>>> print(open('run07.cif').read())   # mmCIF, C-alpha atoms
data_input
loop_
_atom_site.label_atom_id
_atom_site.label_comp_id
_atom_site.auth_asym_id
_atom_site.auth_seq_id
_atom_site.Cartn_x
_atom_site.Cartn_y
_atom_site.Cartn_z
CA MET A 1 -38.92 107.77 260.64
CA SER A 2 -38.23 104.87 258.27
CA ARG A 3 -37.34 101.43 259.55
CA THR A 4 -33.82 101.62 258.20
CA SER A 5 -33.02 104.95 259.77
CA SER A 6 -34.56 103.80 263.05
CA ARG A 7 -32.20 100.81 263.04
CA ALA A 8 -29.28 103.03 262.18
CA LEU A 9 -30.19 105.22 265.13
CA ILE A 10 -30.31 102.20 267.48
CA ALA A 11 -26.97 100.93 266.20
CA LEU A 12 -25.40 104.37 266.45
CA THR A 13 -26.70 104.79 270.01
CA PHE A 14 -25.15 101.52 271.12
CA ILE A 15 -21.88 102.25 269.32
CA LEU A 16 -21.74 105.60 271.11
CA ILE A 17 -22.45 103.93 274.49
CA ALA A 18 -19.71 101.39 273.77
CA GLY A 19 -17.39 104.23 272.80
CA GLY A 20 -18.21 105.99 276.07
CA LEU A 21 -17.44 102.82 278.01
CA LEU A 22 -14.19 102.50 276.11
CA VAL A 23 -13.16 106.04 277.07
CA LEU A 24 -14.16 105.48 280.71
CA ASN A 25 -12.20 102.22 280.73
CA LEU A 26 -9.10 103.79 279.27
CA GLY A 27 -9.39 106.39 282.03
CA GLY A 28 -9.50 103.61 284.61
CA TYR A 29 -13.01 104.43 285.90
CA LEU A 30 -14.55 101.02 285.26
CA GLN A 31 -12.15 98.86 287.27
CA ALA A 32 -14.56 98.29 290.18
CA ALA A 33 -17.55 97.64 287.93
CA GLU A 34 -15.53 95.21 285.82
CA GLY A 35 -14.47 93.39 288.98
CA LEU A 36 -18.10 92.91 289.93
CA ALA A 37 -19.19 91.84 286.47
CA VAL A 38 -16.32 89.45 285.87
CA ARG A 39 -16.97 87.47 289.08
CA PRO A 40 -20.02 85.44 287.90
CA LEU A 41 -18.54 85.01 284.43
CA ALA A 42 -15.28 83.74 285.91
CA ALA A 43 -17.13 81.31 288.17
CA LEU A 44 -19.00 79.88 285.17
CA GLN A 45 -15.77 79.89 283.19
CA GLY A 46 -14.00 77.85 285.89
CA TRP A 47 -16.87 75.38 286.11
CA ILE A 48 -16.95 74.80 282.35
CA SER A 49 -13.16 74.68 282.11
CA GLN A 50 -13.01 71.91 284.73
CA ARG A 51 -15.55 69.83 282.82
CA VAL A 52 -13.84 70.37 279.50
CA THR A 53 -10.47 69.36 280.98
CA ALA A 54 -12.04 66.25 282.52
CA ILE A 55 -13.62 65.28 279.20
CA GLN A 56 -10.38 65.93 277.34
CA THR A 57 -8.47 63.76 279.81
CA LEU A 58 -11.06 61.01 279.55
CA ALA A 59 -10.94 61.11 275.78
CA THR A 60 -7.17 60.97 275.57
CA SER A 61 -6.46 58.23 278.12
CA PRO A 62 -7.98 54.73 278.25
CA ALA A 63 -9.15 53.76 281.74
CA ASP A 64 -6.76 50.79 282.13
CA LEU A 65 -3.81 53.15 281.68
CA ALA A 66 -4.84 55.43 284.52
CA THR A 67 -2.19 54.14 286.93
CA LEU A 68 0.56 54.31 284.34
CA ARG A 69 -0.55 57.77 283.43
CA ALA A 70 -0.38 58.93 287.04
CA GLU A 71 3.08 57.39 287.41
CA ASN A 72 4.16 58.99 284.16
CA LEU A 73 2.92 62.36 285.35
CA ARG A 74 4.83 62.00 288.61
CA LEU A 75 8.03 61.04 286.78
CA ALA A 76 7.58 63.83 284.24
CA ALA A 77 7.21 66.32 287.07
CA GLU A 78 10.32 64.91 288.73
CA VAL A 79 12.32 65.11 285.50
CA ALA A 80 11.15 68.68 284.93
CA GLN A 81 12.18 69.57 288.49
CA LEU A 82 15.61 67.97 288.01
CA GLU A 83 16.03 69.77 284.69
CA ARG A 84 15.26 73.04 286.38
CA GLU A 85 17.76 72.33 289.14
CA LEU A 86 20.36 71.43 286.51
CA ILE A 87 19.73 74.68 284.66
CA ALA A 88 20.01 76.63 287.90
CA LEU A 89 23.31 74.89 288.75
CA ARG A 90 24.73 75.55 285.27
CA GLU A 91 23.70 79.16 285.53
CA GLN A 92 25.38 79.48 288.91
CA ALA A 93 28.56 77.95 287.52
CA ALA A 94 28.59 80.32 284.56
CA GLU A 95 27.97 83.25 286.84
CA ALA A 96 30.88 82.16 289.00
CA GLU A 97 33.24 82.60 286.05
CA VAL A 98 32.02 86.04 285.07
CA LEU A 99 30.43 87.56 288.14
CA ALA A 100 31.72 85.56 291.06
CA GLY A 101 30.86 88.33 293.45
CA LEU A 102 27.19 88.10 292.62
CA LEU A 103 27.03 84.38 293.31
CA GLY A 104 26.99 84.95 297.02
CA TYR A 105 24.08 87.31 296.60
CA ALA A 106 22.25 84.71 294.51
CA ARG A 107 22.74 82.08 297.18
CA THR A 108 21.61 84.29 299.99
CA ARG A 109 18.44 85.34 298.20
CA PRO A 110 15.35 84.23 300.10
CA GLU A 111 13.36 81.39 298.58
CA ASN A 112 10.54 82.45 296.32
CA ARG A 113 7.01 82.17 297.66
CA TYR A 114 4.44 80.76 295.26
CA VAL A 115 0.68 80.71 294.86
CA ALA A 116 -0.54 77.88 292.65
CA ALA A 117 -3.42 78.69 290.34
CA ARG A 118 -5.49 76.82 287.81
CA VAL A 119 -5.86 78.19 284.28
CA VAL A 120 -9.59 78.63 283.70
CA GLY A 121 -9.76 80.41 280.38
CA GLN A 122 -7.92 81.97 277.52
CA ASP A 123 -8.15 85.46 276.15
CA ILE A 124 -11.01 85.75 273.71
CA SER A 125 -9.23 88.32 271.56
CA PRO A 126 -7.01 86.61 268.99
CA PHE A 127 -4.69 89.62 269.10
CA ILE A 128 -3.87 89.25 272.78
CA ARG A 129 -2.22 86.21 274.34
CA SER A 130 -3.25 85.92 277.94
CA VAL A 131 -4.94 83.41 280.21
CA TRP A 132 -7.25 83.69 283.19
CA ILE A 133 -6.36 81.99 286.47
CA ASP A 134 -8.59 81.19 289.43
CA ARG A 135 -6.66 83.27 291.99
CA GLY A 136 -6.85 87.00 292.52
CA SER A 137 -6.21 89.72 295.03
CA ASP A 138 -7.93 87.62 297.74
CA SER A 139 -4.93 85.24 297.42
CA GLY A 140 -2.41 88.08 297.59
CA LEU A 141 -1.83 88.49 293.86
CA GLN A 142 -0.78 91.88 292.58
CA GLN A 143 -0.25 93.35 289.14
CA GLY A 144 3.15 92.59 287.69
CA MET A 145 3.93 89.45 289.67
CA PRO A 146 5.86 86.88 287.59
CA VAL A 147 4.17 83.61 286.65
CA VAL A 148 6.06 80.37 286.04
CA THR A 149 5.57 76.66 285.62
CA GLU A 150 8.05 73.97 286.61
CA ARG A 151 9.50 74.36 283.09
CA GLY A 152 10.05 78.08 283.04
CA LEU A 153 8.64 81.56 282.62
CA VAL A 154 5.01 81.94 281.56
CA GLY A 155 4.33 85.66 281.91
CA ARG A 156 3.14 88.08 284.55
CA VAL A 157 -0.05 89.24 286.17
CA ALA A 158 -1.68 91.91 284.02
CA GLU A 159 -5.06 92.43 285.71
CA VAL A 160 -6.20 91.43 289.17
CA TYR A 161 -9.73 90.98 290.49
CA PRO A 162 -10.67 89.51 293.88
CA THR A 163 -11.03 85.93 292.69
CA VAL A 164 -9.41 85.86 289.26
CA ALA A 165 -6.48 87.39 287.44
CA ARG A 166 -5.37 87.77 283.85
CA ILE A 167 -1.84 86.67 282.98
CA GLN A 168 -0.09 88.33 280.07
CA LEU A 169 1.91 85.51 278.47
CA ILE A 170 5.42 86.06 277.19
CA THR A 171 4.02 85.04 273.78
CA ASP A 172 1.88 88.20 273.73
CA PRO A 173 3.12 90.72 271.16
CA GLN A 174 3.10 93.45 273.81
CA SER A 175 5.24 91.45 276.23
CA LEU A 176 8.93 92.26 276.51
CA VAL A 177 11.36 90.26 278.64
CA ASN A 178 14.98 91.14 279.18
CA VAL A 179 16.95 87.93 278.83
CA ARG A 180 20.49 86.60 279.04
CA LEU A 181 21.91 83.73 277.01
CA GLN A 182 23.42 81.23 279.41
CA THR A 183 26.64 80.26 277.61
CA SER A 184 27.54 83.35 275.63
CA ARG A 185 26.40 85.67 278.47
CA ALA A 186 24.89 88.00 275.89
CA ASP A 187 21.92 90.13 276.85
CA GLY A 188 18.89 90.61 274.65
CA ALA A 189 15.21 91.46 274.55
CA LEU A 190 12.67 88.71 274.09
CA HIS A 191 9.50 89.58 272.23
CA ALA A 192 6.75 87.69 270.47
CA GLN A 193 4.99 87.76 267.15
CA LEU A 194 1.22 87.53 266.77
CA ASN A 195 1.56 83.83 265.94
CA GLY A 196 3.30 83.20 269.27
CA GLU A 197 6.79 82.86 267.83
CA LEU A 198 9.44 84.11 270.25
CA SER A 199 12.66 85.81 269.29
CA VAL A 200 15.51 87.57 271.03
CA ASP A 201 16.88 90.69 269.42
CA ALA A 202 19.41 93.34 270.45
CA ILE A 203 22.07 90.62 270.89
CA ASP A 204 25.55 92.04 270.57
CA GLN A 205 27.20 91.21 267.22
CA SER A 206 30.37 90.02 268.97
CA ALA A 207 28.54 87.37 271.02
CA SER A 208 28.95 83.78 269.91
CA VAL A 209 25.39 82.51 270.03
CA THR A 210 24.71 78.87 269.18
CA PRO A 211 21.47 76.93 268.67
CA GLY A 212 20.51 75.00 271.78
CA GLU A 213 21.78 77.67 274.15
CA LEU A 214 19.52 78.33 277.10
CA VAL A 215 17.73 81.64 277.47
CA LEU A 216 17.17 82.94 281.01
CA THR A 217 15.63 86.10 282.41
CA SER A 218 18.34 88.66 283.07
CA GLY A 219 16.46 90.62 285.73
CA LEU A 220 17.34 93.87 283.96
CA GLY A 221 14.54 96.41 284.15
CA GLY A 222 13.14 94.84 287.29
CA ALA A 223 10.10 93.31 285.63
CA PHE A 224 11.15 89.69 286.29
CA PRO A 225 13.53 87.97 288.71
CA SER A 226 16.76 86.80 287.12
CA ASP A 227 17.65 83.25 286.06
CA ILE A 228 14.20 81.92 285.27
CA PRO A 229 14.42 79.62 282.23
CA VAL A 230 12.62 81.08 279.23
CA GLY A 231 13.58 78.75 276.40
CA GLN A 232 16.29 77.53 274.04
CA ILE A 233 17.81 79.13 270.97
CA LEU A 234 16.51 77.48 267.81
CA THR A 235 18.17 79.50 265.05
CA VAL A 236 20.43 82.53 264.92
CA ARG A 237 20.30 85.29 262.33
CA LYS A 238 23.55 87.22 262.10
CA ARG A 239 24.20 89.73 259.34
CA ASP A 240 27.38 91.77 259.17
CA TYR A 241 25.61 94.95 258.14
CA GLU A 242 23.17 94.87 261.07
CA LEU A 243 23.88 96.29 264.51
CA PHE A 244 22.57 93.27 266.41
CA GLN A 245 21.98 89.57 266.05
CA GLU A 246 18.55 88.01 266.34
CA ALA A 247 17.61 84.50 267.46
CA VAL A 248 14.42 82.48 267.37
CA VAL A 249 13.56 80.86 270.70
CA GLN A 250 11.69 77.69 271.56
CA PRO A 251 9.87 78.45 274.83
CA SER A 252 10.44 76.19 277.84
CA ALA A 253 6.84 76.38 279.05
CA ASP A 254 4.19 74.48 277.14
CA PHE A 255 1.75 77.24 276.29
CA GLU A 256 -0.63 74.90 274.49
CA ASN A 257 -1.25 72.88 277.64
CA LEU A 258 -1.15 75.36 280.50
CA LEU A 259 -3.23 73.87 283.29
CA VAL A 260 -1.61 75.00 286.52
CA VAL A 261 0.81 77.88 287.03
CA LEU A 262 2.77 79.31 289.93
CA VAL A 263 2.67 83.01 290.75
CA ILE A 264 5.79 84.31 292.51
CA THR A 265 4.27 86.50 295.20
CA ASN A 266 7.36 87.81 296.97
CA PHE A 267 8.80 89.56 293.93
CA GLN A 268 8.09 93.27 293.64
CA PRO A 269 8.28 94.30 289.98
CA LEU A 270 9.55 97.74 289.11
CA THR A 271 7.35 98.07 286.04
CA ALA A 272 3.73 97.13 285.41
CA PRO A 273 2.66 95.17 282.34
CA GLY A 274 0.96 96.98 279.47
CA PRO A 275 -2.84 97.07 279.06
CA MET B 276 -38.27 88.88 276.65
CA GLY B 277 -36.03 88.28 273.65
CA PHE B 278 -33.64 90.93 274.94
CA VAL B 279 -33.23 89.27 278.34
CA VAL B 280 -32.93 85.70 277.06
CA GLY B 281 -30.53 86.83 274.36
CA SER B 282 -28.34 88.73 276.81
CA VAL B 283 -28.04 85.71 279.10
CA LEU B 284 -27.28 83.56 276.06
CA MET B 285 -24.56 85.99 275.01
CA ALA B 286 -22.91 85.79 278.44
CA PHE B 287 -22.97 82.00 278.22
CA LEU B 288 -21.55 82.03 274.68
CA ALA B 289 -18.74 84.38 275.78
CA VAL B 290 -17.75 82.01 278.57
CA LEU B 291 -17.96 79.06 276.18
CA GLN B 292 -15.76 80.93 273.74
CA SER B 293 -13.11 81.52 276.41
CA SER B 294 -13.10 78.15 278.16
CA LEU B 295 -13.88 75.75 275.32
CA LEU B 296 -13.54 77.11 271.80
CA ASN B 297 -10.18 78.81 272.31
CA ARG B 298 -8.66 75.41 273.09
CA PHE B 299 -9.16 74.38 269.49
CA PRO B 300 -7.72 77.16 267.34
CA PHE B 301 -7.31 77.01 263.60
CA LEU B 302 -3.95 78.76 263.19
CA SER B 303 -4.65 81.53 265.74
CA GLY B 304 -8.32 81.94 264.94
CA THR B 305 -11.50 80.41 266.29
CA ALA B 306 -15.11 80.72 265.23
CA ASN B 307 -16.74 83.69 266.95
CA LEU B 308 -19.92 82.36 268.57
CA ILE B 309 -21.34 85.78 269.45
CA LEU B 310 -20.76 87.15 265.97
CA LEU B 311 -22.45 84.05 264.52
CA ALA B 312 -25.41 84.40 266.90
CA THR B 313 -25.99 88.12 266.43
CA VAL B 314 -25.56 88.18 262.66
CA SER B 315 -27.79 85.10 262.27
CA TRP B 316 -30.43 86.68 264.48
CA ALA B 317 -30.24 89.94 262.52
CA LEU B 318 -30.78 87.95 259.33
CA THR B 319 -34.07 86.65 260.72
CA GLY B 320 -35.33 90.24 260.83
CA ARG B 321 -35.13 90.75 264.63
CA VAL B 322 -32.59 93.52 264.15
CA ALA B 323 -33.22 95.57 267.31
CA GLU B 324 -32.74 92.47 269.43
CA ALA B 325 -29.65 91.47 267.48
CA ILE B 326 -28.11 94.89 268.11
CA VAL B 327 -28.78 94.69 271.85
CA TRP B 328 -27.36 91.15 271.92
CA ALA B 329 -24.32 92.37 270.04
CA PHE B 330 -23.80 95.20 272.51
CA PHE B 331 -24.15 92.99 275.58
CA GLY B 332 -22.21 90.08 274.06
CA GLY B 333 -19.39 92.44 273.17
CA LEU B 334 -19.16 93.65 276.75
CA CYS B 335 -18.97 90.04 277.97
CA LEU B 336 -16.21 89.32 275.44
CA ASP B 337 -14.24 92.33 276.59
CA LEU B 338 -14.64 91.37 280.24
CA LEU B 339 -12.91 88.07 279.48
CA SER B 340 -10.23 89.65 277.35
CA GLY B 341 -7.31 91.99 277.58
CA ALA B 342 -8.84 94.06 274.79
CA PRO B 343 -10.09 97.55 275.69
CA PHE B 344 -13.57 97.43 277.21
CA GLY B 345 -16.21 98.39 274.64
CA VAL B 346 -14.26 97.62 271.48
CA SER B 347 -15.96 94.28 270.79
CA SER B 348 -19.36 95.88 271.47
CA MET B 349 -18.73 98.52 268.84
CA ALA B 350 -17.51 95.92 266.37
CA LEU B 351 -20.43 93.55 266.95
CA VAL B 352 -23.09 96.28 266.82
CA ALA B 353 -21.61 97.48 263.53
CA ALA B 354 -21.62 93.91 262.18
CA ALA B 355 -25.20 93.27 263.31
CA TYR B 356 -26.40 96.53 261.76
CA LEU B 357 -24.60 95.68 258.56
CA ALA B 358 -26.35 92.31 258.44
CA SER B 359 -29.70 94.07 258.76
CA LEU B 360 -29.03 96.02 255.56
CA THR B 361 -29.67 92.86 253.56
CA GLU B 362 -33.40 93.16 254.29
CA GLY B 363 -35.38 94.01 251.22
CA ARG B 364 -32.54 93.32 248.78
CA PHE B 365 -33.31 91.07 245.86
CA TRP B 366 -30.84 88.41 247.09
CA GLU B 367 -32.14 88.47 250.67
CA GLY B 368 -33.89 85.12 250.28
CA HIS B 369 -30.99 83.42 248.54
CA PRO B 370 -29.97 80.35 250.53
CA LEU B 371 -26.30 81.27 250.30
CA ALA B 372 -26.79 84.90 251.38
CA PRO B 373 -25.68 84.20 254.99
CA LEU B 374 -22.25 83.17 253.69
CA GLY B 375 -21.56 86.53 252.11
CA VAL B 376 -23.07 88.46 255.00
CA MET B 377 -21.01 86.52 257.53
CA ALA B 378 -17.80 87.07 255.54
CA VAL B 379 -18.39 90.82 255.38
CA ALA B 380 -19.52 90.97 259.02
CA SER B 381 -16.38 89.09 260.14
CA LEU B 382 -14.13 91.47 258.24
CA VAL B 383 -15.92 94.51 259.66
CA PHE B 384 -15.68 93.01 263.15
CA PHE B 385 -11.94 92.51 262.79
CA ALA B 386 -11.36 95.92 261.23
CA VAL B 387 -12.98 97.59 264.25
CA THR B 388 -11.36 95.35 266.91
CA MET B 389 -7.91 95.60 265.35
CA ALA B 390 -8.23 99.37 265.25
CA GLY B 391 -9.35 99.43 268.89
CA VAL B 392 -6.59 97.11 270.08
CA TRP B 393 -4.01 99.05 268.09
CA VAL B 394 -5.21 102.39 269.48
CA SER B 395 -4.85 101.00 273.01
CA GLY B 396 -1.14 100.51 272.35
CA HIS B 397 -1.05 96.82 271.51
CA PRO B 398 1.27 96.14 268.56
CA ILE B 399 -0.37 94.32 265.64
CA ASP B 400 1.47 93.00 262.60
CA PRO B 401 -1.18 93.46 259.86
CA ALA B 402 0.20 90.69 257.63
CA LEU B 403 0.39 88.16 260.45
CA ALA B 404 -3.00 89.26 261.76
CA MET B 405 -4.50 88.71 258.34
CA THR B 406 -3.00 85.27 257.71
CA HIS B 407 -3.19 83.88 261.25
CA VAL B 408 -6.33 85.43 262.67
CA VAL B 409 -8.62 87.28 260.28
CA LEU B 410 -8.73 84.83 257.40
CA PRO B 411 -8.90 81.61 259.49
CA THR B 412 -11.62 83.06 261.72
CA THR B 413 -13.57 84.42 258.77
CA PHE B 414 -13.29 81.01 257.11
CA LEU B 415 -14.63 79.25 260.23
CA ASN B 416 -17.42 81.80 260.64
CA VAL B 417 -18.45 81.40 257.01
CA LEU B 418 -18.31 77.62 257.40
CA LEU B 419 -20.75 77.84 260.31
CA ALA B 420 -22.88 80.63 258.82
CA LEU B 421 -25.44 78.38 257.14
CA PRO B 422 -26.15 76.10 260.12
CA ALA B 423 -26.24 79.13 262.41
CA ALA B 424 -28.68 80.97 260.13
CA GLN B 425 -30.90 77.89 259.84
CA LEU B 426 -30.89 77.41 263.60
CA ALA B 427 -31.70 81.09 264.16
CA GLY B 428 -34.53 80.86 261.61
CA ARG B 429 -36.05 77.87 263.37
CA VAL B 430 -35.77 79.46 266.78
CA ARG B 431 -37.42 82.58 265.44
CA GLU B 432 -40.30 80.58 263.93
CA ALA B 433 -40.77 78.69 267.18
CA ALA B 434 -40.50 81.68 269.50
CA PHE B 435 -42.11 84.33 267.32
CA PRO B 436 -44.49 82.61 264.85
CA PRO B 437 -45.83 84.90 262.11
CA PRO B 438 -49.33 86.24 262.88
CA VAL B 439 -52.18 84.47 261.09
CA ARG B 440 -55.08 86.55 259.79
CA MET B 441 -58.45 84.93 260.51
CA GLY B 442 -61.43 85.30 258.18
#
>>> encode(input="run07.cif", output="structure tokens")
Amino acid sequence: MSRTSSRALIALTFILIAGGLLVLNLGGYLQAAEGLAVRPLAALQGWISQRVTAIQTLATSPADLATLRAENLRLAAEVAQLERELIALREQAAEAEVLAGLLGYARTRPENRYVAARVVGQDISPFIRSVWIDRGSDSGLQQGMPVVTERGLVGRVAEVYPTVARIQLITDPQSLVNVRLQTSRADGALHAQLNGELSVDAIDQSASVTPGELVLTSGLGGAFPSDIPVGQILTVRKRDYELFQEAVVQPSADFENLLVVLVITNFQPLTAPGP
Amino acid sequence: MGFVVGSVLMAFLAVLQSSLLNRFPFLSGTANLILLATVSWALTGRVAEAIVWAFFGGLCLDLLSGAPFGVSSMALVAAAYLASLTEGRFWEGHPLAPLGVMAVASLVFFAVTMAGVWVSGHPIDPALAMTHVVLPTTFLNVLLALPAAQLAGRVREAAFPPPVRMG
């Protein structure tokens, strides 16, 4: 057998093995094995991620500004918290006008329970937007749980292993979030492009949508709780000959600098995220 | 020995790719360390090792990704095999050969992974994928192809020196 054909045979063998693994995975037979294999990789990933973050922080902040930086962080967190409270209050007021009966239900809802998790890695595939966090089923996480930051919606748990989990971001092209525009009360579906750009489509033509309007989760479909801030309308595209309007959205959460996220653990989603 | 060391190296590179390199994207693409390593190693003539590295490295990539398990392995093995086809060609020794090989290998890698991701039900906009992922990543891979090939060549010389005939 010539050298070239021997190599071709080796390559073909490994491609076939990989294909077999792919089929087994799509059938869901490799979940346990993946859980075992991902554990050491995730531990190393977390260790490296911590060092990289520390180096990045060191490089971007002079030592004599450390105190100011800490104070700034505290104030920024406080402002973000106040902004969130303001959004929640505005939403409640708007709801009172349209759906006063539901306001009582909103007020009597039990407080969300959160698990804080550190982001330890990003998805390697450029076609999939997800991040890895350092909490898993050992911390009570389950597939489908919503993930937020103090600024707004981040995504939801797509895969869970004992010590780590993968979060499908709302900027992933496969993600779909049912949303409501705060002022116009119009419903729509938020989806993302491959470049991370978010847009809301299926907005009723009669709705008066304006740039700057807040976008909140509507809770329709049961995948996410309602009234979580998602972003703000940047531009609106309305054409008379189309059935619906479309709007580009600036996300509330800072996806470029996701360090810590909160997983809402007491919300039971009705649908699971895609693969 | 080369298989074991290479496989551990691939696992490390996969973790590095996820926790470090993906923080510095160019558009939506980043240089693919495992593709660089396996193609460069294949260009040194250690093709069987490169294919095993590609297989194992691909599995590590898929473990740290939402992509279907096995897709990156297929893509990387195909790319490594393709790189081995340069052996014996008249331009094999050309100093710029790694650039062309890396460009083709990157495109093959993306063709296979995009097909795999698409088959698994993940929507892909081909135009956006081309402008935001495929071309930027291919550009970065090509940019790093020469240093990677030189490094692989030196490691090969140090670890597997050519036999010397005595007398």
>>> resolve_selection(input="run07.cif", expression="the PyMOL selection byres ((chain A and resi 172) around 12)", output="number ranges by chain")
A: 123, 125-131, 154-156, 158, 167-171, 173-177, 190-199, 255, 273-275; B: 341, 397-399
>>> interface_residues(input="run07.cif", of="chain B", to="chain A", cutoff="9 Å", atoms="only C-alpha atoms", output="PyMOL selection string")
chain B and resi 286-287+289-295+297-298+302-305+322-323+326-327+330+333-350+352-353+355-356+359-360+388-389+392+395-400+403-404+407-409
>>> residues_near_point(input="run07.cif", point="(-24.0, 82.9, 254.4)", cutoff="12 Å", atoms="all atoms listed in the file", output="MDAnalysis selection string")
chainID B and resid 311 314:315 318 358 361 366:381 413:425
>>> write_last_selection(input="run07.cif", atoms="C-alpha atoms", output="mmCIF file, in the frame of the given file")
data_model
loop_
_atom_site.group_PDB
_atom_site.id
_atom_site.type_symbol
_atom_site.label_atom_id
_atom_site.label_comp_id
_atom_site.auth_asym_id
_atom_site.auth_seq_id
_atom_site.Cartn_x
_atom_site.Cartn_y
_atom_site.Cartn_z
ATOM 1 C CA LEU B 311 -22.450 84.050 264.520
ATOM 2 C CA VAL B 314 -25.560 88.180 262.660
ATOM 3 C CA SER B 315 -27.790 85.100 262.270
ATOM 4 C CA LEU B 318 -30.780 87.950 259.330
ATOM 5 C CA ALA B 358 -26.350 92.310 258.440
ATOM 6 C CA THR B 361 -29.670 92.860 253.560
ATOM 7 C CA TRP B 366 -30.840 88.410 247.090
ATOM 8 C CA GLU B 367 -32.140 88.470 250.670
ATOM 9 C CA GLY B 368 -33.890 85.120 250.280
ATOM 10 C CA HIS B 369 -30.990 83.420 248.540
ATOM 11 C CA PRO B 370 -29.970 80.350 250.530
ATOM 12 C CA LEU B 371 -26.300 81.270 250.300
ATOM 13 C CA ALA B 372 -26.790 84.900 251.380
ATOM 14 C CA PRO B 373 -25.680 84.200 254.990
ATOM 15 C CA LEU B 374 -22.250 83.170 253.690
ATOM 16 C CA GLY B 375 -21.560 86.530 252.110
ATOM 17 C CA VAL B 376 -23.070 88.460 255.000
ATOM 18 C CA MET B 377 -21.010 86.520 257.530
ATOM 19 C CA ALA B 378 -17.800 87.070 255.540
ATOM 20 C CA VAL B 379 -18.390 90.820 255.380
ATOM 21 C CA ALA B 380 -19.520 90.970 259.020
ATOM 22 C CA SER B 381 -16.380 89.090 260.140
ATOM 23 C CA THR B 413 -13.570 84.420 258.770
ATOM 24 C CA PHE B 414 -13.290 81.010 257.110
ATOM 25 C CA LEU B 415 -14.630 79.250 260.230
ATOM 26 C CA ASN B 416 -17.420 81.800 260.640
ATOM 27 C CA VAL B 417 -18.450 81.400 257.010
ATOM 28 C CA LEU B 418 -18.310 77.620 257.400
ATOM 29 C CA LEU B 419 -20.750 77.840 260.310
ATOM 30 C CA ALA B 420 -22.880 80.630 258.820
ATOM 31 C CA LEU B 421 -25.440 78.380 257.140
ATOM 32 C CA PRO B 422 -26.150 76.100 260.120
ATOM 33 C CA ALA B 423 -26.240 79.130 262.410
ATOM 34 C CA ALA B 424 -28.680 80.970 260.130
ATOM 35 C CA GLN B 425 -30.900 77.890 259.840
#
>>> residues_around(input="run07.cif", residues="B:Gly281", least_positions_apart="2", cutoff="9 Å", atoms="all atoms listed in the file", output="tab-separated table (two decimals) with C-alpha atoms, keeping the file's coordinate frame")
chain	number	residue	atom	x	y	z
B	276	MET	CA	-38.27	88.88	276.65
B	277	GLY	CA	-36.03	88.28	273.65
B	278	PHE	CA	-33.64	90.93	274.94
B	279	VAL	CA	-33.23	89.27	278.34
B	283	VAL	CA	-28.04	85.71	279.10
B	284	LEU	CA	-27.28	83.56	276.06
B	285	MET	CA	-24.56	85.99	275.01
B	286	ALA	CA	-22.91	85.79	278.44
B	324	GLU	CA	-32.74	92.47	269.43
B	325	ALA	CA	-29.65	91.47	267.48
B	327	VAL	CA	-28.78	94.69	271.85
B	328	TRP	CA	-27.36	91.15	271.92
B	331	PHE	CA	-24.15	92.99	275.58
B	332	GLY	CA	-22.21	90.08	274.06
>>> atom_distance(input="run07.cif", atom1="atom CA of B:Arg321", atom2="atom CA of B:Leu410")
28.0 Å
>>> atom_distance(input="run07.cif", atom1="atom CA of B:Pro437", atom2="atom CA of B:Ala312")
21.0 Å
>>> residues_near_point(input="run07.cif", point="(-0.8, 74.7, 285.1)", cutoff="7 Å", atoms="only C-alpha atoms", output="VMD selection string")
chain A and resid 118 to 119 149 258 to 261
>>> atom_distance(input="run07.cif", atom1="atom CA of A:Gly152", atom2="atom CA of A:Pro251")
8.2 Å
>>> resolve_selection(input="run07.cif", expression="the PyMOL selection byres ((chain A and resi 249) around 6)", output="VMD selection string")
chain A and resid 198 to 199 232 to 234 248 250
>>> residues_around(input="run07.cif", residues="stretch 138-144 of chain A", least_positions_apart="3", cutoff="9 Å", atoms="only C-alpha atoms", output="PyMOL selection string")
chain A and resi 115+135+156-165+223-224+263-265+267-273
>>> write_last_selection(input="run07.cif", atoms="C-alpha atoms", output="short mmCIF file (atom, residue, chain, number, x, y, z; two decimals), in the coordinates of the input")
data_model
loop_
_atom_site.label_atom_id
_atom_site.label_comp_id
_atom_site.auth_asym_id
_atom_site.auth_seq_id
_atom_site.Cartn_x
_atom_site.Cartn_y
_atom_site.Cartn_z
CA VAL A 115 0.68 80.71 294.86
CA ARG A 135 -6.66 83.27 291.99
CA ARG A 156 3.14 88.08 284.55
CA VAL A 157 -0.05 89.24 286.17
CA ALA A 158 -1.68 91.91 284.02
CA GLU A 159 -5.06 92.43 285.71
CA VAL A 160 -6.20 91.43 289.17
CA TYR A 161 -9.73 90.98 290.49
CA PRO A 162 -10.67 89.51 293.88
CA THR A 163 -11.03 85.93 292.69
CA VAL A 164 -9.41 85.86 289.26
CA ALA A 165 -6.48 87.39 287.44
CA ALA A 223 10.10 93.31 285.63
CA PHE A 224 11.15 89.69 286.29
CA VAL A 263 2.67 83.01 290.75
CA ILE A 264 5.79 84.31 292.51
CA THR A 265 4.27 86.50 295.20
CA PHE A 267 8.80 89.56 293.93
CA GLN A 268 8.09 93.27 293.64
CA PRO A 269 8.28 94.30 289.98
CA LEU A 270 9.55 97.74 289.11
CA THR A 271 7.35 98.07 286.04
CA ALA A 272 3.73 97.13 285.41
CA PRO A 273 2.66 95.17 282.34
#
>>> residues_around(input="run07.cif", residues="B:Phe435", least_positions_apart="2", cutoff="12 Å", atoms="all atoms listed in the file", output="VMD selection string")
chain B and resid 276 to 277 319 to 321 427 to 433 437 to 439
